[in-house]
>>> print(open('my_file_12.txt').read())   # compact mmCIF, C-alpha atoms
# COMPACT_ATOMS: atom_id res chain seq x y z
CA MET A 293 37.14 50.30 31.99
CA LEU A 294 37.38 50.51 28.22
CA GLU A 295 37.47 46.73 27.90
CA ARG A 296 34.42 46.42 30.13
CA ALA A 297 32.54 49.03 28.10
CA LEU A 298 33.40 47.25 24.85
CA ALA A 299 32.25 43.94 26.30
CA GLN A 300 28.93 45.45 27.39
CA LEU A 301 28.51 47.01 23.96
CA LEU A 302 29.22 43.65 22.30
CA VAL A 303 26.65 41.92 24.53
CA LEU A 304 24.10 44.62 23.68
CA GLU A 305 24.74 44.20 19.96
CA LEU A 306 24.44 40.41 20.23
CA ARG A 307 21.14 40.76 22.07
CA THR A 308 19.91 43.15 19.39
CA VAL A 309 20.89 40.69 16.65
CA LEU A 310 19.16 37.82 18.47
CA VAL A 311 16.01 39.87 19.01
CA TRP A 312 15.92 40.79 15.32
CA ARG A 313 16.55 37.18 14.31
CA VAL A 314 13.70 35.93 16.49
CA TYR A 315 11.48 38.71 15.16
CA LEU A 316 12.31 37.91 11.54
CA GLU A 317 11.91 34.16 12.02
CA ARG A 318 8.59 34.66 13.75
CA ASN A 319 7.35 36.98 11.03
CA THR A 320 8.68 34.66 8.33
CA MET A 321 6.82 31.75 9.93
CA GLN A 322 3.67 33.82 10.17
CA THR A 323 4.04 34.78 6.52
CA VAL A 324 4.58 31.15 5.50
CA LEU A 325 1.54 30.00 7.47
CA ARG A 326 -0.59 32.85 6.15
CA ASP A 327 0.43 32.17 2.56
CA ALA A 328 -0.17 28.44 3.01
CA ALA A 329 -3.63 29.10 4.44
CA SER A 330 -4.60 31.50 1.66
CA SER A 331 -3.10 29.51 -1.23
CA GLN A 332 -4.01 26.18 -2.83
CA SER A 333 -2.09 23.07 -3.76
CA PRO A 334 -2.21 22.33 -7.50
CA ALA A 335 -4.69 19.50 -6.82
CA GLU A 336 -6.93 21.81 -4.80
CA TYR A 337 -6.72 24.41 -7.57
CA ALA A 338 -7.66 21.83 -10.20
CA TYR A 339 -10.82 20.70 -8.38
CA ALA A 340 -11.90 23.87 -6.55
CA THR A 341 -14.82 26.03 -7.66
CA SER A 342 -13.02 29.17 -6.43
CA GLN A 343 -9.41 29.31 -7.54
CA GLY A 344 -6.56 31.28 -5.97
CA ASN A 345 -2.79 31.23 -6.16
CA MET A 346 -1.03 27.86 -6.02
CA ARG A 347 1.74 26.87 -3.61
CA ALA A 348 4.55 24.37 -4.00
CA VAL A 349 4.77 21.37 -1.70
CA ASN A 350 6.96 22.32 1.28
CA TRP A 351 8.86 19.33 2.65
CA ASN A 352 10.46 21.54 5.32
CA ARG A 353 7.16 22.47 7.01
CA LEU A 354 5.54 19.17 8.01
CA GLN A 355 1.86 19.31 8.86
CA ASP A 356 1.88 15.63 9.84
CA GLU A 357 5.13 13.80 10.64
CA LYS A 358 3.52 10.50 9.68
CA ASP A 359 3.52 11.70 6.05
CA LEU A 360 7.32 11.85 5.93
CA GLU A 361 7.65 8.61 7.91
CA VAL A 362 5.54 6.76 5.36
CA TRP A 363 7.28 8.41 2.41
CA ASN A 364 10.67 7.31 3.73
CA ARG A 365 9.47 3.79 4.39
CA VAL A 366 7.97 3.36 0.92
CA THR A 367 11.05 4.74 -0.86
CA GLN A 368 13.40 2.61 1.27
CA ASN A 369 11.40 -0.47 0.28
CA PHE A 370 11.50 0.35 -3.44
CA TRP A 371 12.04 -2.64 -5.69
CA LEU A 372 11.43 -3.73 -9.27
CA PRO A 373 10.30 -7.14 -10.55
CA GLU A 374 13.31 -7.36 -12.86
CA ASN A 375 15.49 -7.87 -9.77
CA ILE A 376 13.66 -11.04 -8.71
CA PRO A 377 14.94 -14.31 -10.29
CA VAL A 378 11.53 -15.61 -11.34
CA SER A 379 13.18 -17.71 -14.06
CA ASN A 380 14.51 -19.97 -11.28
CA ASP A 381 10.91 -21.16 -10.93
CA LEU A 382 10.81 -22.64 -14.45
CA PRO A 383 11.64 -26.19 -13.30
CA SER A 384 8.95 -25.98 -10.62
CA TRP A 385 6.46 -24.53 -13.11
CA SER A 386 7.07 -27.36 -15.58
CA GLU A 387 6.19 -29.90 -12.87
CA LEU A 388 2.68 -28.45 -12.48
CA ASN A 389 -0.11 -29.94 -14.57
CA PRO A 390 -2.08 -27.71 -16.99
CA ALA A 391 -4.99 -27.26 -14.56
CA TRP A 392 -2.71 -25.86 -11.84
CA GLN A 393 -0.92 -23.65 -14.34
CA GLN A 394 -4.25 -22.26 -15.55
CA LEU A 395 -5.35 -21.59 -11.96
CA ILE A 396 -2.15 -19.69 -11.21
CA VAL A 397 -2.32 -17.55 -14.34
CA ARG A 398 -5.99 -16.72 -13.78
CA THR A 399 -5.34 -15.84 -10.14
CA PHE A 400 -2.48 -13.49 -10.98
CA THR A 401 -4.38 -11.90 -13.87
CA GLY A 402 -7.25 -11.20 -11.47
CA LEU A 403 -4.80 -9.57 -9.07
CA THR A 404 -3.45 -7.52 -11.98
CA LEU A 405 -6.94 -6.15 -12.65
CA LEU A 406 -7.40 -5.11 -9.02
CA ASP A 407 -4.00 -3.39 -8.92
CA THR A 408 -4.79 -1.64 -12.20
CA VAL A 409 -7.98 -0.26 -10.64
CA GLN A 410 -6.12 0.86 -7.53
CA ALA A 411 -3.22 2.48 -9.42
CA SER A 412 -5.22 4.27 -12.11
CA VAL A 413 -8.37 5.20 -10.14
CA GLY A 414 -8.21 4.51 -6.39
CA ASP A 415 -4.93 6.10 -5.34
CA ILE A 416 -5.15 8.96 -7.83
CA ALA A 417 -8.58 9.82 -6.36
CA GLN A 418 -7.03 10.19 -2.90
CA ILE A 419 -4.89 13.13 -4.02
CA ARG A 420 -7.81 15.56 -4.07
CA HIS A 421 -9.08 14.26 -0.72
CA ALA A 422 -5.72 14.63 1.06
CA LEU A 423 -5.40 16.51 4.35
CA THR A 424 -1.83 17.66 3.60
CA ASP A 425 0.31 18.40 0.56
CA ILE A 426 2.74 15.59 1.38
CA GLU A 427 -0.18 13.17 1.68
CA GLN A 428 -0.89 14.06 -1.95
CA ALA A 429 2.71 13.15 -2.80
CA ASN A 430 2.38 9.86 -0.91
CA TYR A 431 -0.68 8.80 -2.88
CA ALA A 432 1.03 9.71 -6.15
CA ASN A 433 3.86 7.46 -4.98
CA PHE A 434 1.41 4.72 -4.02
CA ALA A 435 -0.11 4.85 -7.52
CA PHE A 436 3.34 4.18 -9.01
CA MET A 437 4.04 1.47 -6.43
CA VAL A 438 0.82 -0.37 -7.26
CA ALA A 439 1.55 -0.02 -10.99
CA VAL A 440 4.86 -1.80 -10.26
CA HIS A 441 2.84 -4.57 -8.61
CA ALA A 442 0.68 -4.94 -11.73
CA ARG A 443 3.87 -5.00 -13.82
CA SER A 444 5.26 -7.72 -11.55
CA TYR A 445 2.52 -10.15 -12.54
CA GLY A 446 3.39 -9.42 -16.15
CA THR A 447 6.98 -10.41 -15.39
CA ILE A 448 5.75 -13.71 -13.97
CA PHE A 449 3.63 -14.33 -17.06
CA SER A 450 6.36 -13.50 -19.58
CA THR A 451 8.83 -15.72 -17.70
CA LEU A 452 6.73 -18.80 -16.99
CA CYS A 453 3.75 -18.81 -19.35
CA SER A 454 3.03 -19.26 -23.02
CA SER A 455 1.33 -16.51 -25.02
CA GLN A 456 -1.74 -18.74 -25.33
CA GLN A 457 -1.98 -19.08 -21.52
CA ILE A 458 -1.69 -15.32 -21.06
CA ASP A 459 -4.29 -14.50 -23.71
CA GLU A 460 -6.71 -17.06 -22.27
CA ALA A 461 -6.36 -15.58 -18.79
CA GLN A 462 -6.87 -12.03 -20.05
CA ALA A 463 -10.08 -13.08 -21.80
CA TRP A 464 -11.21 -14.94 -18.67
CA VAL A 465 -10.77 -11.80 -16.55
CA VAL A 466 -12.87 -9.68 -18.91
CA ASN A 467 -15.68 -12.23 -19.00
CA ASN A 468 -15.72 -13.44 -15.38
CA GLU A 469 -18.69 -11.74 -13.74
CA ALA A 470 -17.71 -12.61 -10.17
CA LEU A 471 -14.31 -10.97 -10.64
CA GLN A 472 -15.79 -7.97 -12.45
CA ARG A 473 -18.24 -7.31 -9.62
CA ARG A 474 -15.36 -7.29 -7.11
CA ALA A 475 -13.29 -4.97 -9.26
CA LYS A 476 -16.11 -2.50 -9.92
CA VAL A 477 -17.72 -2.23 -6.49
CA LEU A 478 -15.28 0.31 -5.00
CA ILE A 479 -14.96 2.64 -8.00
CA PRO A 480 -18.07 4.77 -7.20
CA PHE A 481 -16.63 5.43 -3.73
CA TYR A 482 -13.20 6.25 -5.13
CA THR A 483 -14.56 8.85 -7.50
CA GLY A 484 -17.36 10.23 -5.31
CA ASP A 485 -17.27 13.48 -3.35
CA ASP A 486 -17.32 11.83 0.10
CA SER A 487 -13.65 11.87 1.13
CA LEU A 488 -14.16 9.45 4.03
CA LYS A 489 -15.88 6.80 1.92
CA SER A 490 -13.19 7.25 -0.71
CA LYS A 491 -10.54 6.65 1.95
CA VAL A 492 -12.30 3.50 3.15
CA ALA A 493 -12.32 2.18 -0.42
CA ALA A 494 -8.64 3.08 -0.81
CA ALA A 495 -7.85 0.96 2.26
CA LEU A 496 -10.12 -1.94 1.31
CA MET A 497 -8.30 -2.89 -1.88
CA PRO A 498 -4.83 -3.41 -0.36
CA GLY A 499 -6.29 -4.38 3.01
CA PHE A 500 -8.73 -7.10 1.97
CA LEU A 501 -9.66 -7.76 -1.66
CA LEU A 502 -6.25 -9.01 -2.80
CA TYR A 503 -5.70 -11.65 -0.15
CA GLY A 504 -7.83 -14.41 -1.65
CA GLY A 505 -5.43 -14.34 -4.60
CA PHE A 506 -2.33 -14.02 -2.40
CA TYR A 507 -3.32 -17.26 -0.68
CA LEU A 508 -2.44 -19.42 -3.71
CA PRO A 509 1.30 -18.58 -4.07
CA PHE A 510 1.74 -18.96 -0.30
CA TYR A 511 0.00 -22.35 -0.41
CA LEU A 512 2.35 -23.42 -3.21
CA SER A 513 5.47 -22.00 -1.56
CA ALA A 514 4.70 -23.99 1.60
CA ARG A 515 4.96 -27.06 -0.66
CA ALA A 516 8.24 -25.94 -2.27
CA LYS A 517 6.55 -24.76 -5.47
CA LEU A 518 7.37 -21.44 -7.20
CA PRO A 519 9.44 -20.04 -4.28
CA ASN A 520 10.79 -17.03 -6.20
CA THR A 521 7.32 -16.08 -7.40
CA SER A 522 6.16 -16.25 -3.79
CA ASP A 523 9.10 -14.04 -2.80
CA MET A 524 7.79 -11.41 -5.20
CA ILE A 525 4.30 -11.71 -3.71
CA ARG A 526 5.80 -11.16 -0.26
CA LEU A 527 7.39 -7.95 -1.53
CA ILE A 528 4.01 -6.86 -2.89
CA LEU A 529 2.39 -7.76 0.42
CA ARG A 530 5.01 -5.75 2.33
CA ASP A 531 4.00 -2.69 0.31
CA LYS A 532 0.29 -3.39 0.82
CA VAL A 533 0.73 -3.41 4.60
CA ILE A 534 2.16 0.13 4.51
CA HIS A 535 -0.48 1.23 2.02
CA ASN A 536 -3.36 -0.07 4.13
CA TYR A 537 -1.85 1.25 7.36
CA TYR A 538 -1.51 4.78 5.95
CA SER A 539 -5.03 4.90 4.51
CA GLY A 540 -6.40 3.66 7.83
CA TYR A 541 -4.39 6.26 9.73
CA LYS A 542 -5.66 9.07 7.49
CA TYR A 543 -9.22 7.79 7.86
CA GLN A 544 -8.88 8.00 11.64
CA GLN A 545 -7.46 11.54 11.38
CA LYS A 546 -10.52 12.59 9.39
CA ILE A 547 -13.22 10.80 11.34
CA LYS A 548 -12.21 12.10 14.77
CA LEU A 549 -13.19 15.59 13.58
CA LEU A 550 -16.81 14.49 13.07
CA PRO A 551 -19.68 14.57 15.59
CA THR A 552 -20.45 11.28 17.34
CA ASP A 553 -23.55 10.50 15.25
CA GLN A 554 -21.62 10.92 12.00
CA GLN A 555 -18.81 8.74 13.32
CA GLU A 556 -21.35 6.01 14.05
CA HIS A 557 -22.83 6.43 10.57
CA MET A 558 -19.39 5.91 9.02
CA LYS A 559 -18.78 2.85 11.18
CA GLN A 560 -22.00 1.31 9.89
CA PHE A 561 -20.97 2.15 6.33
CA VAL A 562 -17.58 0.48 6.78
CA PHE A 563 -19.04 -2.73 8.22
CA ASN A 564 -21.85 -2.93 5.66
CA LEU A 565 -19.41 -2.48 2.78
CA MET A 566 -17.04 -5.00 4.36
CA TYR A 567 -19.72 -7.68 4.60
CA GLN A 568 -20.83 -6.94 1.04
CA LEU A 569 -17.28 -7.47 -0.17
CA ILE A 570 -16.94 -10.68 1.83
CA ASP A 571 -20.00 -12.07 0.03
CA LEU A 572 -18.51 -11.07 -3.33
CA GLU A 573 -15.16 -12.57 -2.31
CA LYS A 574 -16.71 -15.88 -1.34
CA ALA A 575 -18.56 -16.16 -4.66
CA TYR A 576 -15.37 -15.40 -6.60
CA LEU A 577 -13.09 -17.72 -4.63
CA TYR A 578 -15.49 -20.67 -4.79
CA GLU A 579 -15.55 -20.27 -8.56
CA LEU A 580 -11.80 -19.64 -8.91
CA TYR A 581 -10.71 -22.61 -6.77
CA GLU A 582 -13.41 -25.04 -7.90
CA GLY A 583 -11.93 -28.53 -8.10
CA PHE A 584 -8.83 -27.67 -6.02
CA ASN A 585 -10.34 -27.78 -2.50
CA LEU A 586 -8.71 -24.46 -1.60
CA ALA A 587 -11.64 -22.04 -1.41
CA ASP A 588 -12.57 -22.49 2.26
CA GLU A 589 -9.10 -21.76 3.62
CA ALA A 590 -8.55 -18.94 1.09
CA ILE A 591 -11.77 -17.36 2.42
CA ARG A 592 -10.56 -17.71 6.02
CA PHE A 593 -7.26 -16.12 4.94
CA SER A 594 -9.19 -13.21 3.42
CA ILE A 595 -11.41 -12.79 6.49
CA TYR A 596 -8.36 -12.82 8.78
CA ASN A 597 -7.01 -9.85 6.81
CA ALA A 598 -10.46 -8.21 6.82
CA GLY A 599 -10.11 -8.10 10.60
CA LYS A 600 -6.69 -6.47 10.25
CA PHE A 601 -8.18 -3.94 7.84
CA LEU A 602 -10.87 -2.99 10.36
CA GLN A 603 -8.27 -2.61 13.10
CA ASN A 604 -6.30 -0.22 10.88
CA LEU A 605 -9.43 1.93 10.69
CA GLY A 606 -9.73 1.89 14.48
CA TYR A 607 -12.46 -0.76 14.82
CA ASP A 608 -12.46 -4.13 16.55
CA SER A 609 -12.51 -7.25 14.41
CA PRO A 610 -15.89 -9.04 14.68
CA PHE A 611 -14.58 -12.33 13.29
CA SER A 612 -14.16 -15.46 15.39
CA GLU A 613 -11.05 -17.63 15.66
CA GLU A 614 -12.79 -20.31 13.60
CA GLU A 615 -13.61 -17.83 10.82
CA THR A 616 -9.95 -16.75 10.61
CA ARG A 617 -8.15 -20.06 11.18
CA ILE A 618 -5.26 -20.50 8.73
CA SER A 619 -2.93 -23.48 8.42
CA PRO A 620 0.44 -22.76 10.07
CA GLU A 621 2.47 -23.51 6.94
CA VAL A 622 0.56 -20.86 4.96
CA PHE A 623 0.64 -18.34 7.79
CA ALA A 624 4.43 -18.76 8.02
CA GLN A 625 4.74 -17.63 4.40
CA LEU A 626 3.78 -14.08 5.41
CA SER A 627 7.31 -13.65 6.73
CA ALA A 628 10.45 -13.93 4.62
CA ARG A 629 12.32 -15.14 7.72
CA ALA A 630 10.96 -16.89 10.78
CA ASP A 631 12.22 -14.10 13.07
CA GLU A 632 10.43 -11.29 11.20
CA ASN A 633 7.03 -9.86 12.01
CA HIS A 634 5.05 -8.79 8.96
CA ASP A 635 3.80 -5.38 10.01
CA PHE A 636 4.50 -1.73 9.31
CA PHE A 637 7.06 -1.30 12.09
CA SER A 638 9.12 -4.44 11.46
CA GLY A 639 12.28 -4.46 9.35
CA SER A 640 12.23 -4.66 5.59
CA GLY A 641 9.82 -7.57 5.74
CA SER A 642 11.70 -9.46 3.03
CA SER A 643 15.06 -10.99 2.33
CA TYR A 644 15.19 -9.14 -0.99
CA VAL A 645 18.39 -7.19 -1.65
CA ILE A 646 19.30 -5.44 -4.91
CA GLY A 647 22.54 -7.01 -6.07
CA THR A 648 25.58 -5.27 -7.54
CA THR A 649 27.72 -6.48 -10.44
CA GLU A 650 31.14 -5.80 -11.86
CA GLU A 651 32.99 -7.00 -14.92
CA THR A 652 35.46 -9.84 -14.41
CA THR A 653 39.09 -9.59 -15.50
CA ASP A 654 41.66 -12.22 -16.40
CA ASP A 655 43.19 -11.89 -12.95
CA ASP A 656 39.95 -13.10 -11.37
CA TRP A 657 40.55 -16.53 -12.92
CA GLU A 658 44.08 -17.00 -11.63
CA PHE A 659 43.73 -19.29 -8.63
>>> encode(input="my_file_12.txt", output="structure tokens")
Amino acid sequence: MLERALAQLLVLELRTVLVWRVYLERNTMQTVLRDAASSQSPAEYAYATSQGNMRAVNWNRLQDEKDLEVWNRVTQNFWLPENIPVSNDLPSWSELNPAWQQLIVRTFTGLTLLDTVQASVGDIAQIRHALTDIEQANYANFAFMVAVHARSYGTIFSTLCSSQQIDEAQAWVVNNEALQRRAKVLIPFYTGDDSLKSKVAAALMPGFLLYGGFYLPFYLSARAKLPNTSDMIRLILRDKVIHNYYSGYKYQQKIKLLPTDQQEHMKQFVFNLMYQLIDLEKAYLYELYEGFNLADEAIRFSIYNAGKFLQNLGYDSPFSEEETRISPEVFAQLSARADENHDFFSGSGSSYVIGTTEETTDDDWEF
């Protein structure tokens, strides 16, 4: 009898403890949610007209699981240009005539300008438009990632080019009106108060504007020219795919909250801006590739990716097969290996691996 009474008492105590635990957890959760709702992230505090208490980012209370998924993917893909053996391309570079070398340097310097805009203006602007605190962290991470891309072109220049070639290309970028128009057109949307238009602009740079420049290293790599440089571009492209995917996903999360008429208005805005950029892209690429007979296919390569950009935003691509036809040897360069698909859900998307080193000893040389 005593043992049975003690057992019943123990069960009662355990139930009491469990009830209190559930009660405390429920109240703690309610407190966390209430505090989160009544507080502001530091970015919200910085831009808000009415300012309250600030909260810290809470990685243990996910508002959107996609935020953590993208964060993990970007950090797993982290790389630096110093790890890519661009110097192995020196023999290939020396075989190119001065006109081809100038084209390559100008193309990469133009890409550097676009990545500078995206890193210092476009992605930073997304922080204040974010739906969640971890989305803010992701765009801060994207800004660094894109700055690494801009640095990567500098690594190519310092490895392959003379100072005179670099200085000439920098001056060309500043004074090329077609390139300047492309680089400037999205900035008003980045910095404006319309968060949806800002998000569209944030997706357009990695989703479309860079591809006319990406075409050139892939064209050369298909002809066994500058393969290590092209490897670096593939790493950059791998990052851009995630970047564009995430901005498109966040755009869709925002737009589904709008009434139907406003959704249609945004669709018209997206397509009008897209066609405006295509016109600017064509003007730039015809000028850039003049004398090399590359502009038409580079434009088709860009338009193909414009269709992918629109699909990331939830719209159908309006472009025909003829408008997006790319030669198979260039299209194959989008994948580091023939068995890889270049999209957000595929593997690493590149054969790049950070190597490890160790000092040799005398014993290593005893065969």
>>> closest_residue(input="my_file_12.txt", among="A:Tyr543, A:Phe506, A:Phe449, A:Phe434", to="A:Gln410", atoms="only C-alpha atoms")
A:Phe434
>>> closest_residue(input="my_file_12.txt", among="A:Tyr511, A:Trp363, A:Trp351, A:Phe584", to="A:Asp425", atoms="only C-alpha atoms")
A:Trp351
>>> closest_residue(input="my_file_12.txt", among="A:Asp485, A:Glu621, A:Glu469, A:Glu460", to="A:Leu512", atoms="all atoms listed in the file")
A:Glu621
>>> atom_distance(input="my_file_12.txt", atom1="atom CA of A:Gly402", atom2="atom CA of A:Val465")
6.2 Å
>>> residues_around(input="my_file_12.txt", residues="A:Ile528", least_positions_apart="5", cutoff="10 Å", atoms="all atoms listed in the file", output="ChimeraX atom specification")
/A:371,373,437-438,440-442,444,498,506,522-523,533
>>> closest_residue(input="my_file_12.txt", among="A:Ala463, A:Ala475, A:Val562, A:Ala590", to="A:Phe510", atoms="only C-alpha atoms")
A:Ala590
>>> atom_distance(input="my_file_12.txt", atom1="atom CA of A:Leu423", atom2="atom CA of A:Ile570")
29.6 Å
>>> closest_residue(input="my_file_12.txt", among="A:Ser594, A:Gln603, A:Asn364, A:Gln555", to="A:Asp571", atoms="only C-alpha atoms")
A:Ser594
>>> residues_around(input="my_file_12.txt", residues="A:Val362", least_positions_apart="3", cutoff="8 Å", atoms="only C-alpha atoms", output="NGL selection string")
:A and (358-359 or 365-366 or 430 or 534 or 538)
>>> closest_residue(input="my_file_12.txt", among="A:Leu626, A:Ala435, A:Met524, A:Leu478", to="A:Ser412", atoms="all atoms listed in the file")
A:Ala435
>>> atom_distance(input="my_file_12.txt", atom1="atom CA of A:Leu586", atom2="atom CA of A:Glu573")
13.5 Å
>>> residues_around(input="my_file_12.txt", residues="A:Ala348", least_positions_apart="2", cutoff="9 Å", atoms="only C-alpha atoms", output="list in words")
Gln332, Ser333, Pro334, Met346, Asn350 and Asp425 of chain A
>>> residues_around(input="my_file_12.txt", residues="A:Lys600", least_positions_apart="2", cutoff="10 Å", atoms="all atoms listed in the file", output="PyMOL selection string")
chain A and resi 499-500+533+536-537+594-598+602-609
>>> residues_around(input="my_file_12.txt", residues="stretch 379-383 of chain A", least_positions_apart="4", cutoff="9 Å", atoms="all atoms listed in the file", output="ChimeraX atom specification")
/A:387,448,451-452,517-521
>>> decode(input="my_file_12.txt", residues="stretch 336-387 of chain A", atoms="C-alpha atoms", output="mmCIF file, in the first residue's frame")
data_model
loop_
_atom_site.group_PDB
_atom_site.id
_atom_site.type_symbol
_atom_site.label_atom_id
_atom_site.label_comp_id
_atom_site.auth_asym_id
_atom_site.auth_seq_id
_atom_site.Cartn_x
_atom_site.Cartn_y
_atom_site.Cartn_z
ATOM 1 C CA GLU A 336 13.992 49.402 -38.352
ATOM 2 C CA TYR A 337 15.032 51.693 -35.501
ATOM 3 C CA ALA A 338 17.486 53.546 -37.750
ATOM 4 C CA TYR A 339 14.888 54.300 -40.441
ATOM 5 C CA ALA A 340 11.654 54.553 -38.431
ATOM 6 C CA THR A 341 9.944 57.841 -37.623
ATOM 7 C CA SER A 342 8.753 56.453 -34.270
ATOM 8 C CA GLN A 343 11.495 54.679 -32.369
ATOM 9 C CA GLY A 344 11.122 52.059 -29.642
ATOM 10 C CA ASN A 345 13.367 49.506 -27.993
ATOM 11 C CA MET A 346 15.629 47.413 -30.212
ATOM 12 C CA ARG A 347 15.833 43.613 -30.267
ATOM 13 C CA ALA A 348 18.715 41.327 -31.163
ATOM 14 C CA VAL A 349 18.414 38.954 -34.105
ATOM 15 C CA ASN A 350 17.084 35.621 -32.804
ATOM 16 C CA TRP A 351 18.381 32.690 -34.826
ATOM 17 C CA ASN A 352 16.423 30.263 -32.620
ATOM 18 C CA ARG A 353 12.988 31.668 -33.549
ATOM 19 C CA LEU A 354 12.741 31.402 -37.331
ATOM 20 C CA GLN A 355 10.033 33.464 -38.976
ATOM 21 C CA ASP A 356 10.867 31.963 -42.381
ATOM 22 C CA GLU A 357 12.833 28.717 -42.693
ATOM 23 C CA LYS A 358 14.010 29.758 -46.149
ATOM 24 C CA ASP A 359 16.134 32.460 -44.482
ATOM 25 C CA LEU A 360 18.260 29.890 -42.660
ATOM 26 C CA GLU A 361 18.361 27.598 -45.696
ATOM 27 C CA VAL A 362 19.801 30.386 -47.836
ATOM 28 C CA TRP A 363 22.211 31.509 -45.114
ATOM 29 C CA ASN A 364 23.588 27.975 -44.814
ATOM 30 C CA ARG A 365 23.908 27.592 -48.556
ATOM 31 C CA VAL A 366 25.766 30.874 -49.012
ATOM 32 C CA THR A 367 28.177 30.207 -46.141
ATOM 33 C CA GLN A 368 28.823 26.638 -47.332
ATOM 34 C CA ASN A 369 29.712 28.016 -50.770
ATOM 35 C CA PHE A 370 32.111 30.628 -49.368
ATOM 36 C CA TRP A 371 35.278 31.088 -51.397
ATOM 37 C CA LEU A 372 37.978 33.679 -52.020
ATOM 38 C CA PRO A 373 39.695 34.564 -55.313
ATOM 39 C CA GLU A 374 43.120 33.936 -53.792
ATOM 40 C CA ASN A 375 42.302 30.212 -53.797
ATOM 41 C CA ILE A 376 41.838 30.072 -57.580
ATOM 42 C CA PRO A 377 45.043 29.496 -59.627
ATOM 43 C CA VAL A 378 44.454 32.318 -62.106
ATOM 44 C CA SER A 379 48.204 32.499 -62.767
ATOM 45 C CA ASN A 380 47.869 29.189 -64.637
ATOM 46 C CA ASP A 381 46.114 31.222 -67.335
ATOM 47 C CA LEU A 382 49.219 33.324 -68.088
ATOM 48 C CA PRO A 383 50.314 31.170 -71.054
ATOM 49 C CA SER A 384 46.810 31.321 -72.506
ATOM 50 C CA TRP A 385 46.624 35.081 -71.902
ATOM 51 C CA SER A 386 49.922 35.663 -73.709
ATOM 52 C CA GLU A 387 48.533 33.894 -76.799
#
